[in-house]
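S.K.: One file is attached below, upload_8.pdb, containing PDB, C-alpha atoms, pLDDT in the B column.
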ATOM      1  CA  MET I 508      20.641   6.706  41.433  1.00 46.00           C
ATOM      2  CA  VAL I 509      19.113   4.669  38.573  1.00 50.00           C
ATOM      3  CA  LYS I 510      19.377   6.297  35.175  1.00 61.00           C
ATOM      4  CA  ASN I 511      16.253   6.596  33.060  1.00 68.00           C
ATOM      5  CA  LYS I 512      15.810   3.488  30.983  1.00 79.00           C
ATOM      6  CA  VAL I 513      15.769   4.057  27.211  1.00 83.00           C
ATOM      7  CA  ILE I 514      12.702   2.456  25.663  1.00 92.00           C
ATOM      8  CA  PRO I 515      13.331   1.081  22.144  1.00 95.00           C
ATOM      9  CA  LYS I 516      11.186   2.561  19.395  1.00 97.00           C
ATOM     10  CA  LEU I 517       9.648   1.512  16.097  1.00 98.00           C
ATOM     11  CA  TRP I 518       8.659   4.086  13.468  1.00 98.00           C
ATOM     12  CA  LEU I 519       6.059   2.838  10.964  1.00 98.00           C
ATOM     13  CA  VAL I 520       6.595   5.160   8.018  1.00 98.00           C
ATOM     14  CA  GLY I 521       4.471   5.335   4.867  1.00 97.00           C
ATOM     15  CA  ALA I 522       6.716   5.587   1.803  1.00 97.00           C
ATOM     16  CA  GLY I 523       3.909   6.807  -0.443  1.00 96.00           C
ATOM     17  CA  PRO I 524       2.645   5.390  -3.746  1.00 94.00           C
ATOM     18  CA  GLY I 525       5.970   5.300  -5.595  1.00 94.00           C
ATOM     19  CA  ASP I 526       7.196   8.757  -6.494  1.00 96.00           C
ATOM     20  CA  PRO I 527       9.820   9.467  -3.791  1.00 96.00           C
ATOM     21  CA  GLU I 528       8.832  13.141  -3.700  1.00 96.00           C
ATOM     22  CA  LEU I 529       5.446  12.148  -2.311  1.00 96.00           C
ATOM     23  CA  ILE I 530       6.790  11.114   1.098  1.00 97.00           C
ATOM     24  CA  THR I 531       5.624  13.366   3.951  1.00 97.00           C
ATOM     25  CA  MET I 532       7.947  15.803   5.690  1.00 97.00           C
ATOM     26  CA  LYS I 533       7.653  13.804   8.904  1.00 98.00           C
ATOM     27  CA  GLY I 534       8.595  10.624   7.059  1.00 98.00           C
ATOM     28  CA  PHE I 535      11.565  12.432   5.518  1.00 98.00           C
ATOM     29  CA  ASN I 536      12.768  13.658   8.924  1.00 98.00           C
ATOM     30  CA  VAL I 537      12.415  10.217  10.522  1.00 98.00           C
ATOM     31  CA  LEU I 538      14.458   8.639   7.720  1.00 98.00           C
ATOM     32  CA  LYS I 539      17.107  11.323   8.022  1.00 97.00           C
ATOM     33  CA  LYS I 540      17.938  10.310  11.597  1.00 95.00           C
ATOM     34  CA  ALA I 541      17.417   6.546  11.175  1.00 95.00           C
ATOM     35  CA  SER I 542      19.939   4.003  12.394  1.00 95.00           C
ATOM     36  CA  VAL I 543      18.156   0.999  10.848  1.00 98.00           C
ATOM     37  CA  VAL I 544      15.604   0.883   8.026  1.00 98.00           C
ATOM     38  CA  LEU I 545      13.611  -2.240   7.192  1.00 98.00           C
ATOM     39  CA  TYR I 546      12.090  -1.486   3.800  1.00 97.00           C
ATOM     40  CA  ASP I 547       9.437  -3.130   1.668  1.00 93.00           C
ATOM     41  CA  ASN I 548       9.335  -4.142  -1.961  1.00 90.00           C
ATOM     42  CA  LEU I 549       6.944  -1.271  -2.763  1.00 91.00           C
ATOM     43  CA  ALA I 550       8.996   1.421  -1.039  1.00 94.00           C
ATOM     44  CA  ASN I 551      11.004   3.366  -3.605  1.00 95.00           C
ATOM     45  CA  GLU I 552      14.691   2.651  -2.982  1.00 95.00           C
ATOM     46  CA  LYS I 553      15.519   6.283  -3.808  1.00 97.00           C
ATOM     47  CA  LEU I 554      14.162   7.110  -0.359  1.00 98.00           C
ATOM     48  CA  LEU I 555      17.187   5.320   1.075  1.00 97.00           C
ATOM     49  CA  ASN I 556      19.292   8.207  -0.200  1.00 97.00           C
ATOM     50  CA  ILE I 557      17.798  10.261   2.607  1.00 97.00           C
ATOM     51  CA  VAL I 558      19.349   8.140   5.364  1.00 97.00           C
ATOM     52  CA  SER I 559      22.864   8.599   6.704  1.00 95.00           C
ATOM     53  CA  ASP I 560      25.811   6.587   5.388  1.00 95.00           C
ATOM     54  CA  SER I 561      25.979   4.679   8.676  1.00 95.00           C
ATOM     55  CA  CYS I 562      22.333   3.584   8.562  1.00 97.00           C
ATOM     56  CA  LEU I 563      21.643  -0.128   8.073  1.00 97.00           C
ATOM     57  CA  ARG I 564      19.389  -0.711   5.065  1.00 97.00           C
ATOM     58  CA  ILE I 565      17.661  -4.084   5.204  1.00 96.00           C
ATOM     59  CA  TYR I 566      15.292  -5.335   2.497  1.00 95.00           C
ATOM     60  CA  VAL I 567      12.313  -7.287   3.798  1.00 94.00           C
ATOM     61  CA  GLY I 568      10.151  -7.286   0.689  1.00 85.00           C
ATOM     62  CA  LYS I 569       7.177  -9.488  -0.032  1.00 72.00           C
ATOM     63  CA  LYS I 570       6.666 -10.113  -3.737  1.00 65.00           C
ATOM     64  CA  PRO I 571       3.297 -11.790  -4.352  1.00 59.00           C
ATOM     65  CA  TYR I 572       3.482 -15.423  -5.401  1.00 55.00           C
ATOM     66  CA  GLY I 573       7.257 -15.387  -5.102  1.00 58.00           C
ATOM     67  CA  ASN I 574       9.990 -15.570  -2.490  1.00 67.00           C
ATOM     68  CA  TYR I 575       9.472 -13.269   0.455  1.00 75.00           C
ATOM     69  CA  VAL I 576      10.475 -12.530   4.011  1.00 85.00           C
ATOM     70  CA  SER I 577       7.769 -13.894   6.305  1.00 90.00           C
ATOM     71  CA  GLN I 578       5.927 -11.634   8.725  1.00 91.00           C
ATOM     72  CA  GLU I 579       7.312 -13.667  11.615  1.00 94.00           C
ATOM     73  CA  GLU I 580      10.876 -12.985  10.437  1.00 94.00           C
ATOM     74  CA  ILE I 581      10.119  -9.281  10.041  1.00 95.00           C
ATOM     75  CA  ASN I 582       8.671  -9.128  13.541  1.00 96.00           C
ATOM     76  CA  GLN I 583      11.777 -10.756  14.974  1.00 96.00           C
ATOM     77  CA  MET I 584      14.014  -8.304  13.120  1.00 97.00           C
ATOM     78  CA  ILE I 585      11.994  -5.393  14.483  1.00 97.00           C
ATOM     79  CA  LYS I 586      12.542  -6.683  18.000  1.00 97.00           C
ATOM     80  CA  ASN I 587      16.233  -7.505  17.588  1.00 97.00           C
ATOM     81  CA  TYR I 588      17.223  -4.248  15.897  1.00 97.00           C
ATOM     82  CA  ALA I 589      15.064  -2.083  18.167  1.00 97.00           C
ATOM     83  CA  TYR I 590      16.767  -3.425  21.281  1.00 96.00           C
ATOM     84  CA  LYS I 591      20.212  -3.249  19.713  1.00 96.00           C
ATOM     85  CA  TYR I 592      19.977   0.204  18.090  1.00 95.00           C
ATOM     86  CA  LYS I 593      17.111   1.679  20.174  1.00 94.00           C
ATOM     87  CA  GLU I 594      15.205   2.852  17.085  1.00 94.00           C
ATOM     88  CA  VAL I 595      14.045   1.096  13.922  1.00 97.00           C
ATOM     89  CA  VAL I 596      12.277   2.587  10.919  1.00 98.00           C
ATOM     90  CA  ARG I 597       9.862   0.289   9.117  1.00 98.00           C
ATOM     91  CA  LEU I 598       9.421   1.801   5.648  1.00 98.00           C
ATOM     92  CA  LYS I 599       6.295   0.498   3.967  1.00 96.00           C
ATOM     93  CA  GLY I 600       4.881   1.311   0.533  1.00 95.00           C
ATOM     94  CA  GLY I 601       1.811   3.527   0.448  1.00 95.00           C
ATOM     95  CA  ASP I 602       0.316   3.855   3.914  1.00 96.00           C
ATOM     96  CA  PRO I 603       1.251   1.310   6.622  1.00 96.00           C
ATOM     97  CA  PHE I 604      -2.339   1.026   7.871  1.00 96.00           C
ATOM     98  CA  ILE I 605      -3.981   0.447   4.475  1.00 94.00           C
ATOM     99  CA  PHE I 606      -3.446  -3.220   3.602  1.00 91.00           C
ATOM    100  CA  GLY I 607       0.125  -2.868   4.851  1.00 88.00           C
ATOM    101  CA  ARG I 608      -0.033  -4.978   8.029  1.00 92.00           C
ATOM    102  CA  GLY I 609       1.398  -1.980   9.840  1.00 94.00           C
ATOM    103  CA  PHE I 610      -0.981  -2.255  12.766  1.00 96.00           C
ATOM    104  CA  GLU I 611       0.061  -5.893  13.292  1.00 96.00           C
ATOM    105  CA  GLU I 612       3.665  -4.744  13.582  1.00 97.00           C
ATOM    106  CA  MET I 613       2.692  -1.959  15.975  1.00 97.00           C
ATOM    107  CA  VAL I 614       0.859  -4.429  18.220  1.00 97.00           C
ATOM    108  CA  TYR I 615       3.801  -6.849  18.123  1.00 97.00           C
ATOM    109  CA  ALA I 616       6.235  -4.067  19.008  1.00 97.00           C
ATOM    110  CA  ARG I 617       4.205  -2.867  21.967  1.00 97.00           C
ATOM    111  CA  GLU I 618       3.704  -6.408  23.229  1.00 97.00           C
ATOM    112  CA  ASN I 619       7.488  -6.692  23.295  1.00 97.00           C
ATOM    113  CA  GLY I 620       8.164  -3.496  25.202  1.00 97.00           C
ATOM    114  CA  ILE I 621       8.866  -1.370  22.118  1.00 97.00           C
ATOM    115  CA  ASP I 622       7.222   2.005  21.675  1.00 97.00           C
ATOM    116  CA  ALA I 623       5.697   2.412  18.198  1.00 97.00           C
ATOM    117  CA  GLU I 624       4.663   5.486  16.245  1.00 98.00           C
ATOM    118  CA  TYR I 625       2.691   5.622  13.003  1.00 98.00           C
ATOM    119  CA  VAL I 626       3.691   8.091  10.273  1.00 98.00           C
ATOM    120  CA  PRO I 627       0.957   8.117   7.594  1.00 97.00           C
ATOM    121  CA  GLY I 628       1.811   7.886   3.930  1.00 97.00           C
ATOM    122  CA  ILE I 629       0.015   8.837   0.731  1.00 96.00           C
ATOM    123  CA  SER I 630      -1.814   5.716  -0.409  1.00 95.00           C
ATOM    124  CA  SER I 631      -1.456   4.272  -3.890  1.00 92.00           C
ATOM    125  CA  MET I 632      -5.192   4.802  -4.411  1.00 94.00           C
ATOM    126  CA  GLN I 633      -4.445   8.523  -4.599  1.00 93.00           C
ATOM    127  CA  GLY I 634      -2.455   7.789  -7.714  1.00 92.00           C
ATOM    128  CA  ALA I 635      -5.885   7.763  -9.349  1.00 93.00           C
ATOM    129  CA  GLY I 636      -6.211  11.489  -8.698  1.00 93.00           C
ATOM    130  CA  ILE I 637      -2.809  12.161 -10.216  1.00 92.00           C
ATOM    131  CA  ASN I 638      -4.203  10.550 -13.353  1.00 93.00           C
ATOM    132  CA  GLY I 639      -7.306  12.714 -13.440  1.00 93.00           C
ATOM    133  CA  ILE I 640      -9.612  10.295 -11.607  1.00 95.00           C
ATOM    134  CA  PRO I 641     -11.048  11.811  -8.413  1.00 95.00           C
ATOM    135  CA  LEU I 642     -12.313   9.353  -5.830  1.00 95.00           C
ATOM    136  CA  THR I 643     -15.250  11.656  -5.090  1.00 94.00           C
ATOM    137  CA  HIS I 644     -16.867  14.456  -7.069  1.00 92.00           C
ATOM    138  CA  ARG I 645     -19.930  16.516  -6.251  1.00 92.00           C
ATOM    139  CA  GLY I 646     -22.954  15.375  -8.191  1.00 89.00           C
ATOM    140  CA  VAL I 647     -21.251  12.176  -9.333  1.00 90.00           C
ATOM    141  CA  CYS I 648     -20.464  10.163  -6.201  1.00 89.00           C
ATOM    142  CA  GLU I 649     -20.555  10.874  -2.488  1.00 86.00           C
ATOM    143  CA  GLY I 650     -17.953   8.462  -1.181  1.00 93.00           C
ATOM    144  CA  PHE I 651     -15.550   5.649  -1.939  1.00 95.00           C
ATOM    145  CA  TRP I 652     -14.880   2.095  -0.828  1.00 95.00           C
ATOM    146  CA  VAL I 653     -11.419   0.597  -0.558  1.00 95.00           C
ATOM    147  CA  VAL I 654     -11.343  -3.206  -0.567  1.00 94.00           C
ATOM    148  CA  THR I 655      -8.810  -5.977  -0.950  1.00 91.00           C
ATOM    149  CA  GLY I 656      -9.153  -8.169  -3.990  1.00 88.00           C
ATOM    150  CA  THR I 657      -7.568 -11.167  -2.309  1.00 81.00           C
ATOM    151  CA  LYS I 658      -8.115 -12.252   1.285  1.00 77.00           C
ATOM    152  CA  THR I 659      -5.726 -14.417   3.290  1.00 78.00           C
ATOM    153  CA  ASP I 660      -7.442 -17.563   1.972  1.00 79.00           C
ATOM    154  CA  ARG I 661      -6.978 -16.249  -1.629  1.00 79.00           C
ATOM    155  CA  SER I 662     -10.735 -15.708  -2.083  1.00 80.00           C
ATOM    156  CA  LEU I 663     -12.339 -12.493  -3.331  1.00 85.00           C
ATOM    157  CA  SER I 664     -13.565 -10.198  -0.559  1.00 85.00           C
ATOM    158  CA  LEU I 665     -17.332 -10.308  -0.062  1.00 87.00           C
ATOM    159  CA  ASP I 666     -17.211  -6.568   0.623  1.00 90.00           C
ATOM    160  CA  LEU I 667     -16.911  -6.033  -3.123  1.00 92.00           C
ATOM    161  CA  LYS I 668     -20.527  -7.129  -3.620  1.00 91.00           C
ATOM    162  CA  LEU I 669     -21.672  -4.631  -1.007  1.00 92.00           C
ATOM    163  CA  ALA I 670     -19.570  -1.868  -2.535  1.00 92.00           C
ATOM    164  CA  MET I 671     -20.918  -2.630  -6.000  1.00 92.00           C
ATOM    165  CA  LYS I 672     -24.478  -1.904  -4.820  1.00 91.00           C
ATOM    166  CA  SER I 673     -23.567   1.668  -3.912  1.00 91.00           C
ATOM    167  CA  ASN I 674     -22.881   4.643  -6.156  1.00 91.00           C
ATOM    168  CA  ALA I 675     -19.457   5.105  -4.574  1.00 94.00           C
ATOM    169  CA  THR I 676     -16.129   4.819  -6.347  1.00 96.00           C
ATOM    170  CA  VAL I 677     -14.561   1.436  -5.566  1.00 97.00           C
ATOM    171  CA  VAL I 678     -10.804   0.968  -5.311  1.00 97.00           C
ATOM    172  CA  VAL I 679      -9.507  -2.609  -5.303  1.00 96.00           C
ATOM    173  CA  TYR I 680      -6.026  -3.404  -4.013  1.00 95.00           C
ATOM    174  CA  MET I 681      -4.331  -6.729  -4.790  1.00 91.00           C
ATOM    175  CA  GLY I 682      -6.946  -7.660  -7.362  1.00 93.00           C
ATOM    176  CA  MET I 683      -4.898  -8.436 -10.464  1.00 94.00           C
ATOM    177  CA  LYS I 684      -5.330 -12.187  -9.988  1.00 92.00           C
ATOM    178  CA  LYS I 685      -9.096 -11.722  -9.628  1.00 93.00           C
ATOM    179  CA  LEU I 686     -10.004  -9.606 -12.650  1.00 96.00           C
ATOM    180  CA  ASP I 687     -12.504 -12.108 -14.091  1.00 95.00           C
ATOM    181  CA  GLU I 688     -14.155 -12.545 -10.690  1.00 95.00           C
ATOM    182  CA  ILE I 689     -14.380  -8.789 -10.114  1.00 96.00           C
ATOM    183  CA  SER I 690     -15.949  -8.328 -13.535  1.00 97.00           C
ATOM    184  CA  GLU I 691     -18.449 -11.103 -12.846  1.00 95.00           C
ATOM    185  CA  VAL I 692     -19.603  -9.434  -9.611  1.00 95.00           C
ATOM    186  CA  TYR I 693     -20.511  -6.305 -11.562  1.00 96.00           C
ATOM    187  CA  ILE I 694     -21.978  -8.145 -14.535  1.00 96.00           C
ATOM    188  CA  SER I 695     -24.181 -10.211 -12.213  1.00 94.00           C
ATOM    189  CA  GLY I 696     -25.347  -7.014 -10.560  1.00 94.00           C
ATOM    190  CA  GLY I 697     -26.283  -5.452 -13.890  1.00 95.00           C
ATOM    191  CA  LYS I 698     -23.411  -2.960 -13.743  1.00 95.00           C
ATOM    192  CA  GLY I 699     -20.958  -4.410 -16.227  1.00 96.00           C
ATOM    193  CA  ASN I 700     -20.757  -1.156 -18.179  1.00 96.00           C
ATOM    194  CA  ILE I 701     -19.512   0.952 -15.235  1.00 96.00           C
ATOM    195  CA  PRO I 702     -16.234   2.763 -16.115  1.00 97.00           C
ATOM    196  CA  ALA I 703     -13.094   1.160 -14.718  1.00 97.00           C
ATOM    197  CA  ALA I 704      -9.368   1.850 -14.735  1.00 97.00           C
ATOM    198  CA  ILE I 705      -6.301  -0.213 -13.956  1.00 98.00           C
ATOM    199  CA  ILE I 706      -3.194   1.713 -12.942  1.00 97.00           C
ATOM    200  CA  GLN I 707       0.132  -0.088 -12.611  1.00 96.00           C
ATOM    201  CA  HIS I 708       3.089   1.590 -10.872  1.00 95.00           C
ATOM    202  CA  ALA I 709       0.980   4.657 -10.114  1.00 93.00           C
ATOM    203  CA  THR I 710       2.980   7.931  -9.916  1.00 95.00           C
ATOM    204  CA  LEU I 711       6.186   6.394 -11.339  1.00 94.00           C
ATOM    205  CA  LYS I 712       7.765   7.068 -14.739  1.00 93.00           C
ATOM    206  CA  ASN I 713       7.045   3.496 -15.827  1.00 94.00           C
ATOM    207  CA  GLN I 714       3.365   3.818 -14.934  1.00 95.00           C
ATOM    208  CA  LYS I 715       0.834   2.191 -17.269  1.00 96.00           C
ATOM    209  CA  MET I 716      -2.916   2.794 -17.257  1.00 96.00           C
ATOM    210  CA  VAL I 717      -5.942   1.561 -19.166  1.00 97.00           C
ATOM    211  CA  ILE I 718      -9.556   2.731 -18.992  1.00 97.00           C
ATOM    212  CA  GLY I 719     -12.619   0.818 -20.142  1.00 97.00           C
ATOM    213  CA  GLU I 720     -15.644  -0.925 -18.656  1.00 97.00           C
ATOM    214  CA  VAL I 721     -15.545  -3.152 -15.601  1.00 97.00           C
ATOM    215  CA  ARG I 722     -16.844  -6.143 -17.561  1.00 97.00           C
ATOM    216  CA  ASN I 723     -13.649  -6.075 -19.647  1.00 98.00           C
ATOM    217  CA  LEU I 724     -11.017  -5.844 -16.902  1.00 98.00           C
ATOM    218  CA  LYS I 725      -9.103  -8.966 -17.934  1.00 97.00           C
ATOM    219  CA  VAL I 726      -9.079  -7.986 -21.611  1.00 97.00           C
ATOM    220  CA  MET I 727      -7.949  -4.476 -20.711  1.00 97.00           C
ATOM    221  CA  ALA I 728      -5.087  -5.787 -18.593  1.00 97.00           C
ATOM    222  CA  ASP I 729      -3.981  -8.277 -21.224  1.00 96.00           C
ATOM    223  CA  GLN I 730      -4.014  -5.703 -24.016  1.00 95.00           C
ATOM    224  CA  LYS I 731      -1.795  -3.304 -22.067  1.00 95.00           C
ATOM    225  CA  MET I 732       0.207  -6.140 -20.437  1.00 96.00           C
ATOM    226  CA  LEU I 733      -0.591  -4.839 -16.960  1.00 96.00           C
ATOM    227  CA  THR I 734       0.297  -6.805 -13.863  1.00 93.00           C
ATOM    228  CA  TYR I 735       1.094  -6.302 -10.180  1.00 88.00           C
ATOM    229  CA  PRO I 736       1.516  -3.839  -8.505  1.00 91.00           C
ATOM    230  CA  ALA I 737      -1.652  -2.127  -9.659  1.00 95.00           C
ATOM    231  CA  ILE I 738      -4.881  -0.657  -8.343  1.00 96.00           C
ATOM    232  CA  ILE I 739      -8.304  -1.083  -9.907  1.00 97.00           C
ATOM    233  CA  VAL I 740     -10.665   1.891  -9.808  1.00 98.00           C
ATOM    234  CA  ILE I 741     -14.347   1.350 -10.595  1.00 97.00           C
ATOM    235  CA  GLY I 742     -17.070   3.984 -10.770  1.00 96.00           C
ATOM    236  CA  LYS I 743     -18.508   6.976 -12.589  1.00 94.00           C
ATOM    237  CA  THR I 744     -15.602   9.196 -11.525  1.00 95.00           C
ATOM    238  CA  VAL I 745     -13.338   7.154 -13.797  1.00 95.00           C
ATOM    239  CA  GLY I 746     -15.181   8.692 -16.727  1.00 90.00           C
ATOM    240  CA  LEU I 747     -14.117  12.158 -15.581  1.00 87.00           C
ATOM    241  CA  ASN I 748     -10.560  11.353 -16.646  1.00 77.00           C
ATOM    242  CA  SER I 749     -11.295  12.563 -20.170  1.00 65.00           C
ATOM    243  CA  VAL I 750     -12.201  16.025 -18.848  1.00 54.00           C
ATOM    244  CA  VAL I 751      -8.708  16.830 -17.567  1.00 49.00           C
ATOM    245  CA  VAL I 752      -6.358  14.525 -19.490  1.00 51.00           C
TER     246      VAL I 752
END
Now, as a test, write the supplied structure out as structure tokens.

M.R.:
Amino acid sequence: MVKNKVIPKLWLVGAGPGDPELITMKGFNVLKKASVVLYDNLANEKLLNIVSDSCLRIYVGKKPYGNYVSQEEINQMIKNYAYKYKEVVRLKGGDPFIFGRGFEEMVYARENGIDAEYVPGISSMQGAGINGIPLTHRGVCEGFWVVTGTKTDRSLSLDLKLAMKSNATVVVYMGMKKLDEISEVYISGGKGNIPAAIIQHATLKNQKMVIGEVRNLKVMADQKMLTYPAIIVIGKTVGLNSVVV
């Protein structure tokens, strides 16, 4: 009689925006039983205290414009460790499916005979709410756009121009190298005076934030010495910050 074959598994777990207490209960429970954790640069290392002493903790961070572990190497590690240990946890900052390349890793895993399960995480954009900036608010805006500031070819996403034409709140990830270009999009559209915020290390103790007008993003960042990792929030809801802070 042939025993049931054990299918290796990949868990794609969202680590949340930074504060380790913001991980979901499911993410916590997956980490607790993990044998191997491949963790990102933006995943708070305090979350590794959840895992057992025998768990392998392997850093596979990608620091922008610096040394990093390539996606191809990460994929190969997922495959190797999944077949060796039967389960691998991929711990990714924020949410794995929001600019986290998590779906690419899920597809790769399944193409290689590995089951994959997605565990959502609180996205860094929700760090805006923690700082008194709602992404939507009745009577102010009816939706929000989330766009990348830098595409694979290093150009600014064209979606930003579409988002700018709406009354929605706009959240820009990976836009710190494009502040002048982002400002110019709004200035050209006659919306340079729209409120804007830059939040670095959202939800962490070393968080820094500045609020001003979108036309002045670069000046704002320079004055507060803000850099990556940060989100940019643009829209009328940014002005609501003064109501609760």

S.K.: Smallest atom-to-atom distance to Ile514 (chain I): which of I:Leu733, I:Ala616, I:Ile739, I:Ala704, using all atoms listed in the file?

M.R.: I:Ala616

S.K.: Go through I:Asn700, I:Thr710, I:Asn619, I:Thr659 one by one, measure the shortest atom-to-atom distance of each to Leu724 (chain I) using all atoms listed in the file, and give the residue with the smallest value.

M.R.: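 Of the candidates, the smallest distance to Leu724 (chain I) is held by I:Asn700.
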
S.K.: When you draw a straight line from CA of Glu528 (chain I) to CA of Glu649 (chain I), how long is it in Å?

M.R.: 29.5 Å

S.K.: Run the PyMOL selection byres ((chain I and resi 600) around 12) against the file shown and list the residues it catches, as a PDB file with C-alpha atoms, in the frame of the given file.

M.R.:
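As written to disk, out-v8.pdb reads:
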ATOM      1  CA  LEU I 519       6.059   2.838  10.964  1.00 98.00           C
ATOM      2  CA  VAL I 520       6.595   5.160   8.018  1.00 98.00           C
ATOM      3  CA  GLY I 521       4.471   5.335   4.867  1.00 97.00           C
ATOM      4  CA  ALA I 522       6.716   5.587   1.803  1.00 97.00           C
ATOM      5  CA  GLY I 523       3.909   6.807  -0.443  1.00 96.00           C
ATOM      6  CA  PRO I 524       2.645   5.390  -3.746  1.00 94.00           C
ATOM      7  CA  GLY I 525       5.970   5.300  -5.595  1.00 94.00           C
ATOM      8  CA  ASP I 526       7.196   8.757  -6.494  1.00 96.00           C
ATOM      9  CA  PRO I 527       9.820   9.467  -3.791  1.00 96.00           C
ATOM     10  CA  LEU I 529       5.446  12.148  -2.311  1.00 96.00           C
ATOM     11  CA  ILE I 530       6.790  11.114   1.098  1.00 97.00           C
ATOM     12  CA  GLY I 534       8.595  10.624   7.059  1.00 98.00           C
ATOM     13  CA  LEU I 545      13.611  -2.240   7.192  1.00 98.00           C
ATOM     14  CA  TYR I 546      12.090  -1.486   3.800  1.00 97.00           C
ATOM     15  CA  ASP I 547       9.437  -3.130   1.668  1.00 93.00           C
ATOM     16  CA  ASN I 548       9.335  -4.142  -1.961  1.00 90.00           C
ATOM     17  CA  LEU I 549       6.944  -1.271  -2.763  1.00 91.00           C
ATOM     18  CA  ALA I 550       8.996   1.421  -1.039  1.00 94.00           C
ATOM     19  CA  ASN I 551      11.004   3.366  -3.605  1.00 95.00           C
ATOM     20  CA  GLU I 552      14.691   2.651  -2.982  1.00 95.00           C
ATOM     21  CA  LEU I 554      14.162   7.110  -0.359  1.00 98.00           C
ATOM     22  CA  VAL I 567      12.313  -7.287   3.798  1.00 94.00           C
ATOM     23  CA  GLY I 568      10.151  -7.286   0.689  1.00 85.00           C
ATOM     24  CA  LYS I 569       7.177  -9.488  -0.032  1.00 72.00           C
ATOM     25  CA  ARG I 597       9.862   0.289   9.117  1.00 98.00           C
ATOM     26  CA  LEU I 598       9.421   1.801   5.648  1.00 98.00           C
ATOM     27  CA  LYS I 599       6.295   0.498   3.967  1.00 96.00           C
ATOM     28  CA  GLY I 601       1.811   3.527   0.448  1.00 95.00           C
ATOM     29  CA  ASP I 602       0.316   3.855   3.914  1.00 96.00           C
ATOM     30  CA  PRO I 603       1.251   1.310   6.622  1.00 96.00           C
ATOM     31  CA  PHE I 604      -2.339   1.026   7.871  1.00 96.00           C
ATOM     32  CA  ILE I 605      -3.981   0.447   4.475  1.00 94.00           C
ATOM     33  CA  PHE I 606      -3.446  -3.220   3.602  1.00 91.00           C
ATOM     34  CA  GLY I 607       0.125  -2.868   4.851  1.00 88.00           C
ATOM     35  CA  ARG I 608      -0.033  -4.978   8.029  1.00 92.00           C
ATOM     36  CA  GLY I 609       1.398  -1.980   9.840  1.00 94.00           C
ATOM     37  CA  VAL I 626       3.691   8.091  10.273  1.00 98.00           C
ATOM     38  CA  PRO I 627       0.957   8.117   7.594  1.00 97.00           C
ATOM     39  CA  GLY I 628       1.811   7.886   3.930  1.00 97.00           C
ATOM     40  CA  ILE I 629       0.015   8.837   0.731  1.00 96.00           C
ATOM     41  CA  SER I 630      -1.814   5.716  -0.409  1.00 95.00           C
ATOM     42  CA  SER I 631      -1.456   4.272  -3.890  1.00 92.00           C
ATOM     43  CA  MET I 632      -5.192   4.802  -4.411  1.00 94.00           C
ATOM     44  CA  HIS I 708       3.089   1.590 -10.872  1.00 95.00           C
ATOM     45  CA  ALA I 709       0.980   4.657 -10.114  1.00 93.00           C
ATOM     46  CA  PRO I 736       1.516  -3.839  -8.505  1.00 91.00           C
TER      47      PRO I 736
END

S.K.: Hey, what comes out of the PyMOL selection byres ((chain I and resi 673) around 10) on this file? Could you write it as number ranges by chain?

M.R.: I: 648-652, 668-672, 674-677, 742

S.K.: Deliver the residues from the most recent selection as a file, using C-alpha atoms, as a compact mmCIF listing (two decimals), in the frame of the given file.

M.R.:
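Result file part_18.txt:
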# COMPACT_ATOMS: atom_id res chain seq x y z
CA CYS I 648 -20.46 10.16 -6.20
CA GLU I 649 -20.56 10.87 -2.49
CA GLY I 650 -17.95 8.46 -1.18
CA PHE I 651 -15.55 5.65 -1.94
CA TRP I 652 -14.88 2.10 -0.83
CA LYS I 668 -20.53 -7.13 -3.62
CA LEU I 669 -21.67 -4.63 -1.01
CA ALA I 670 -19.57 -1.87 -2.54
CA MET I 671 -20.92 -2.63 -6.00
CA LYS I 672 -24.48 -1.90 -4.82
CA ASN I 674 -22.88 4.64 -6.16
CA ALA I 675 -19.46 5.11 -4.57
CA THR I 676 -16.13 4.82 -6.35
CA VAL I 677 -14.56 1.44 -5.57
CA GLY I 742 -17.07 3.98 -10.77

S.K.: So what do you get for CA of Glu594 (chain I) versus CA of Val614 (chain I), distance-wise?

M.R.: 16.1 Å

S.K.: Within 10 Å of (21.3, -0.3, 18.4), all atoms listed in the file: residues as an NGL selection string?

M.R.: :I and (515 or 542-543 or 587-595)

S.K.: Could you tell me how far CA of Asn713 (chain I) sits from CA of Ala541 (chain I), in Å to one decimal place?

M.R.: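 Straight-line distance from CA of Ala541 (chain I) to CA of Asn713 (chain I) works out to 29.1 Å.
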
S.K.: Which of these residues is nearest to Leu555 (chain I), using only C-alpha atoms: I:Lys715, I:Lys685, I:Lys539, I:Lys533?

M.R.: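 Counting only C-alpha atoms, the residue closest to Leu555 (chain I) is I:Lys539.
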
S.K.: Between I:Tyr735, I:Pro641, I:Val654, I:Val717, which residue has the minimum interatomic distance to Lys684 (chain I), considering all atoms listed in the file?

M.R.: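 Among the listed residues, the smallest separation from Lys684 (chain I) belongs to I:Tyr735.
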
S.K.: Here is a test: counting only C-alpha atoms, which residue of I:Met681, I:Leu667, I:Asp622, I:Lys540 is nearest to Gly696 (chain I)?

M.R.: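 Comparing I:Met681, I:Leu667, I:Asp622, I:Lys540 against Gly696 (chain I), the winner is I:Leu667.
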